[in-house]
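Enquirer: Just passing along the structure, written as structure tokens.
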Amino acid sequence: MFVKQLSIFIENKAGRLAELSELLANNGIDLRAISIADTKEFGIVRLIVSDLDKAVKILTDDGWVFKVTPVIAVKIPDESGRMADVLRVLTDENIGVEYIYAVISHNTKDACIIIRVVDKMGEKAVEALNGKGYEVYTPQQLSEL
């Protein structure tokens, strides 16, 4: 099971991230997870949102450049070493990781890591994680964190 993530290209200048945040907030879109990677000129804001279809329409109508990518959301205990355990499962299956970021739940004692694996390895990654007893969140489960 995959979760859909927005990867939004953004100018690295004062106020641009505020504009993006306000646009989503003003349209009732809640952020479930966020990661920002930047360079001197631009950045990529990666978001998991409460209503993907609505966010896509809003961003498109407002002229933002973005893409939707599948990622894996893995439930782990909020304890030292648990992310390393997940990464070992993927490594043992020869599955490369492009990037990773974390989400901490306020409703449980668990954490969630968002993982983007190399192309065409997603299904294999989910199967490997499930096979080792890890729960891979559905979009609905992730929205309830």
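Letters A, B, ... mark the chains of the structure tokens in the order given; residue numbers begin at 1 per chain; ligand numbers begin at 1, in order shown.
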Could you find all residues in stretch 8-142 of chain A that DSSP calls alpha helix (DSSP H) from the backbone, and write them as a VMD selection string?

Expert: chain A and resid 16 to 26 52 to 61 82 to 92 122 to 131 139 to 142

Enquirer: Could you save the residues just selected, with N, CA and C atoms, as a compact mmCIF listing (two decimals), in the first residue's frame?

Expert:
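Output below, filename result-v2.txt:
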```txt
# COMPACT_ATOMS: atom_id res chain seq x y z
N ARG A 16 7.82 32.71 0.30
CA ARG A 16 7.23 31.74 -0.63
C ARG A 16 6.63 30.54 0.10
N LEU A 17 7.32 30.04 1.12
CA LEU A 17 6.78 28.93 1.89
C LEU A 17 5.53 29.36 2.66
N ALA A 18 5.51 30.58 3.13
CA ALA A 18 4.31 31.11 3.80
C ALA A 18 3.14 31.14 2.82
N GLU A 19 3.39 31.55 1.58
CA GLU A 19 2.32 31.59 0.58
C GLU A 19 1.74 30.20 0.34
N LEU A 20 2.61 29.23 0.23
CA LEU A 20 2.16 27.85 0.03
C LEU A 20 1.34 27.38 1.22
N SER A 21 1.84 27.59 2.40
CA SER A 21 1.14 27.18 3.63
C SER A 21 -0.21 27.85 3.75
N GLU A 22 -0.27 29.13 3.47
CA GLU A 22 -1.54 29.87 3.56
C GLU A 22 -2.54 29.40 2.51
N LEU A 23 -2.06 29.13 1.30
CA LEU A 23 -2.93 28.64 0.24
C LEU A 23 -3.62 27.34 0.67
N LEU A 24 -2.84 26.42 1.19
CA LEU A 24 -3.41 25.15 1.63
C LEU A 24 -4.33 25.34 2.83
N ALA A 25 -3.88 26.10 3.82
CA ALA A 25 -4.69 26.33 5.03
C ALA A 25 -6.01 27.02 4.70
N ASN A 26 -5.96 28.02 3.84
CA ASN A 26 -7.17 28.76 3.49
C ASN A 26 -8.19 27.92 2.73
N LEU A 52 -5.72 14.93 -0.93
CA LEU A 52 -4.80 15.04 -2.06
C LEU A 52 -5.48 15.63 -3.29
N ASP A 53 -6.64 15.13 -3.64
CA ASP A 53 -7.31 15.59 -4.86
C ASP A 53 -7.60 17.09 -4.80
N LYS A 54 -8.07 17.55 -3.67
CA LYS A 54 -8.35 18.98 -3.49
C LYS A 54 -7.06 19.79 -3.56
N ALA A 55 -6.01 19.31 -2.94
CA ALA A 55 -4.72 20.01 -2.96
C ALA A 55 -4.17 20.09 -4.38
N VAL A 56 -4.29 19.02 -5.14
CA VAL A 56 -3.82 19.01 -6.53
C VAL A 56 -4.54 20.08 -7.33
N LYS A 57 -5.85 20.16 -7.18
CA LYS A 57 -6.63 21.16 -7.92
C LYS A 57 -6.23 22.58 -7.52
N ILE A 58 -6.09 22.81 -6.23
CA ILE A 58 -5.72 24.15 -5.73
C ILE A 58 -4.35 24.55 -6.23
N LEU A 59 -3.39 23.65 -6.13
CA LEU A 59 -2.03 23.95 -6.57
C LEU A 59 -1.97 24.18 -8.08
N THR A 60 -2.69 23.37 -8.83
CA THR A 60 -2.74 23.53 -10.28
C THR A 60 -3.34 24.87 -10.65
N ASP A 61 -4.49 25.19 -10.06
CA ASP A 61 -5.18 26.45 -10.35
C ASP A 61 -4.33 27.66 -9.99
N ARG A 82 14.75 1.73 15.87
CA ARG A 82 13.68 1.13 15.06
C ARG A 82 13.77 1.52 13.59
N MET A 83 14.19 2.75 13.30
CA MET A 83 14.36 3.13 11.90
C MET A 83 15.49 2.31 11.29
N ALA A 84 16.55 2.08 12.04
CA ALA A 84 17.66 1.26 11.56
C ALA A 84 17.18 -0.15 11.21
N ASP A 85 16.27 -0.69 12.02
CA ASP A 85 15.72 -2.02 11.75
C ASP A 85 14.98 -2.06 10.41
N VAL A 86 14.19 -1.03 10.15
CA VAL A 86 13.44 -0.96 8.90
C VAL A 86 14.41 -0.85 7.72
N LEU A 87 15.41 0.00 7.87
CA LEU A 87 16.38 0.17 6.79
C LEU A 87 17.17 -1.11 6.54
N ARG A 88 17.41 -1.89 7.58
CA ARG A 88 18.11 -3.17 7.41
C ARG A 88 17.26 -4.13 6.58
N VAL A 89 15.94 -4.14 6.81
CA VAL A 89 15.05 -5.00 6.02
C VAL A 89 15.18 -4.64 4.54
N LEU A 90 15.16 -3.37 4.23
CA LEU A 90 15.26 -2.93 2.84
C LEU A 90 16.64 -3.24 2.25
N THR A 91 17.68 -3.01 3.05
CA THR A 91 19.04 -3.30 2.59
C THR A 91 19.21 -4.78 2.30
N ASP A 92 18.69 -5.63 3.18
CA ASP A 92 18.81 -7.07 2.98
C ASP A 92 18.11 -7.54 1.71
N GLY A 122 8.97 -0.46 -5.06
CA GLY A 122 7.97 -0.20 -4.04
C GLY A 122 7.22 -1.43 -3.57
N GLU A 123 6.72 -2.22 -4.50
CA GLU A 123 5.97 -3.43 -4.12
C GLU A 123 6.85 -4.40 -3.35
N LYS A 124 8.07 -4.58 -3.82
CA LYS A 124 9.02 -5.46 -3.15
C LYS A 124 9.30 -4.95 -1.74
N ALA A 125 9.43 -3.63 -1.58
CA ALA A 125 9.69 -3.04 -0.27
C ALA A 125 8.52 -3.30 0.68
N VAL A 126 7.31 -3.09 0.21
CA VAL A 126 6.12 -3.31 1.04
C VAL A 126 6.04 -4.78 1.45
N GLU A 127 6.26 -5.68 0.51
CA GLU A 127 6.22 -7.11 0.82
C GLU A 127 7.28 -7.49 1.85
N ALA A 128 8.49 -6.95 1.71
CA ALA A 128 9.57 -7.25 2.65
C ALA A 128 9.24 -6.73 4.04
N LEU A 129 8.71 -5.53 4.11
CA LEU A 129 8.37 -4.95 5.42
C LEU A 129 7.22 -5.71 6.07
N ASN A 130 6.19 -6.01 5.30
CA ASN A 130 5.08 -6.79 5.84
C ASN A 130 5.55 -8.17 6.29
N GLY A 131 6.46 -8.75 5.53
CA GLY A 131 6.99 -10.06 5.87
C GLY A 131 7.76 -10.09 7.18
N PRO A 139 -3.42 5.30 3.25
CA PRO A 139 -3.62 6.76 3.34
C PRO A 139 -4.59 7.13 4.47
N GLN A 140 -5.65 6.35 4.66
CA GLN A 140 -6.62 6.64 5.72
C GLN A 140 -5.98 6.53 7.10
N GLN A 141 -5.19 5.49 7.33
CA GLN A 141 -4.54 5.32 8.62
C GLN A 141 -3.58 6.46 8.90
N LEU A 142 -2.86 6.89 7.87
CA LEU A 142 -1.91 7.98 8.05
C LEU A 142 -2.63 9.28 8.39
```

Enquirer: Per DSSP on the backbone, what are the strand (DSSP E or B) residues of chain A, as a VMD selection string?

Expert: chain A and resid 3 to 11 31 to 38 42 to 49 65 to 77 97 to 104 110 to 117 135 to 136

Enquirer: Would you please work out which residue, of A:Ile95, A:Ile76, A:Val136, A:Val3, is nearest to A:Asp51 when using only C-alpha atoms?

Expert: A:Val3

Enquirer: So, with only C-alpha atoms as the atoms that count, which of A:Met1, A:Ile34, A:Val68, A:Val74 lies closest to A:Gly133?

Expert: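 Comparing A:Met1, A:Ile34, A:Val68, A:Val74 against A:Gly133, the winner is A:Val74.
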
Enquirer: In Å to one decimal, how far is atom CA of A:Tyr134 from atom CA of A:Gly96?

Expert: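 Atom CA of A:Tyr134 lies at a distance of 17.9 Å from atom CA of A:Gly96.
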
Enquirer: Need to verify the contact set: A:Asp110, 7 Å, only C-alpha atoms, exclusion of same-chain residues closer than 6 positions in sequence. Can you return it as a short mmCIF file (atom, residue, chain, number, x, y, z; two decimals) with all heavy atoms, in the first residue's frame?

Expert:
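Saved result, result-v6.cif, follows:
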```cif
data_model
loop_
_atom_site.label_atom_id
_atom_site.label_comp_id
_atom_site.auth_asym_id
_atom_site.auth_seq_id
_atom_site.Cartn_x
_atom_site.Cartn_y
_atom_site.Cartn_z
N LYS A 75 4.79 2.16 10.07
CA LYS A 75 4.59 2.34 11.51
C LYS A 75 5.74 1.66 12.25
O LYS A 75 6.07 0.50 11.97
CB LYS A 75 3.27 1.71 11.94
CG LYS A 75 3.00 1.77 13.42
CD LYS A 75 1.67 1.09 13.71
CE LYS A 75 1.41 0.97 15.19
NZ LYS A 75 0.14 0.29 15.45
N ILE A 76 6.35 2.40 13.18
CA ILE A 76 7.41 1.84 14.01
C ILE A 76 7.23 2.32 15.43
O ILE A 76 6.68 3.40 15.66
CB ILE A 76 8.82 2.22 13.51
CG1 ILE A 76 9.02 3.75 13.50
CG2 ILE A 76 9.12 1.61 12.15
CD1 ILE A 76 10.44 4.18 13.23
N PRO A 77 7.67 1.54 16.40
CA PRO A 77 7.66 2.05 17.78
C PRO A 77 8.58 3.27 17.88
O PRO A 77 9.61 3.33 17.20
CB PRO A 77 8.22 0.88 18.60
CG PRO A 77 8.05 -0.32 17.74
CD PRO A 77 8.15 0.17 16.32
N ASP A 78 8.20 4.23 18.68
CA ASP A 78 9.00 5.44 18.88
C ASP A 78 10.12 5.13 19.87
O ASP A 78 10.09 5.54 21.02
CB ASP A 78 8.11 6.59 19.37
CG ASP A 78 8.84 7.92 19.38
OD1 ASP A 78 9.97 7.99 18.84
OD2 ASP A 78 8.31 8.88 19.95
#
```

Enquirer: Enter the distance from atom CA of A:Asn27 to atom CA of A:Gly63, in Å, rounded to one decimal.

Expert: 15.4 Å

Enquirer: Go through A:Lys67, A:Arg32, A:Arg46, A:Lys120 and flag the residue nearest A:Val103, using only C-alpha atoms for the distances.

Expert: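 Checking each candidate against A:Val103, we get A:Arg32 as the closest.
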
Enquirer: Using only C-alpha atoms, which of the listed residues (A:Cys112, A:Val49, A:Ala14, A:Leu6) sits closest to A:Pro70?

Expert: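 Smallest distance to A:Pro70 is found for A:Leu6.
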
Enquirer: For A:Phe9, which residue among A:Phe66, A:Thr138, A:Glu79, A:Leu47 is the nearest when counting only C-alpha atoms?

Expert: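 The answer is A:Phe66, which sits nearest to A:Phe9.
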
Enquirer: With only C-alpha atoms as the counted atoms, please give the residues lying no more than 9 Å from A:Ala102, apart from itself and same-chain residues fewer than 3 positions off, as a PyMOL selection string.

Expert: chain A and resi 33-35+111-115

Enquirer: What gap, in Å, lies between atom CA of A:Gly43 and atom CA of A:Ser7?

Expert: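 The value is 9.8 Å.
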
Enquirer: Measuring atom to atom with only C-alpha atoms, identify which of A:Phe42, A:Glu135, A:Met121, A:Glu144 is nearest to A:Val65.

Expert: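 Nearest to A:Val65: A:Phe42.
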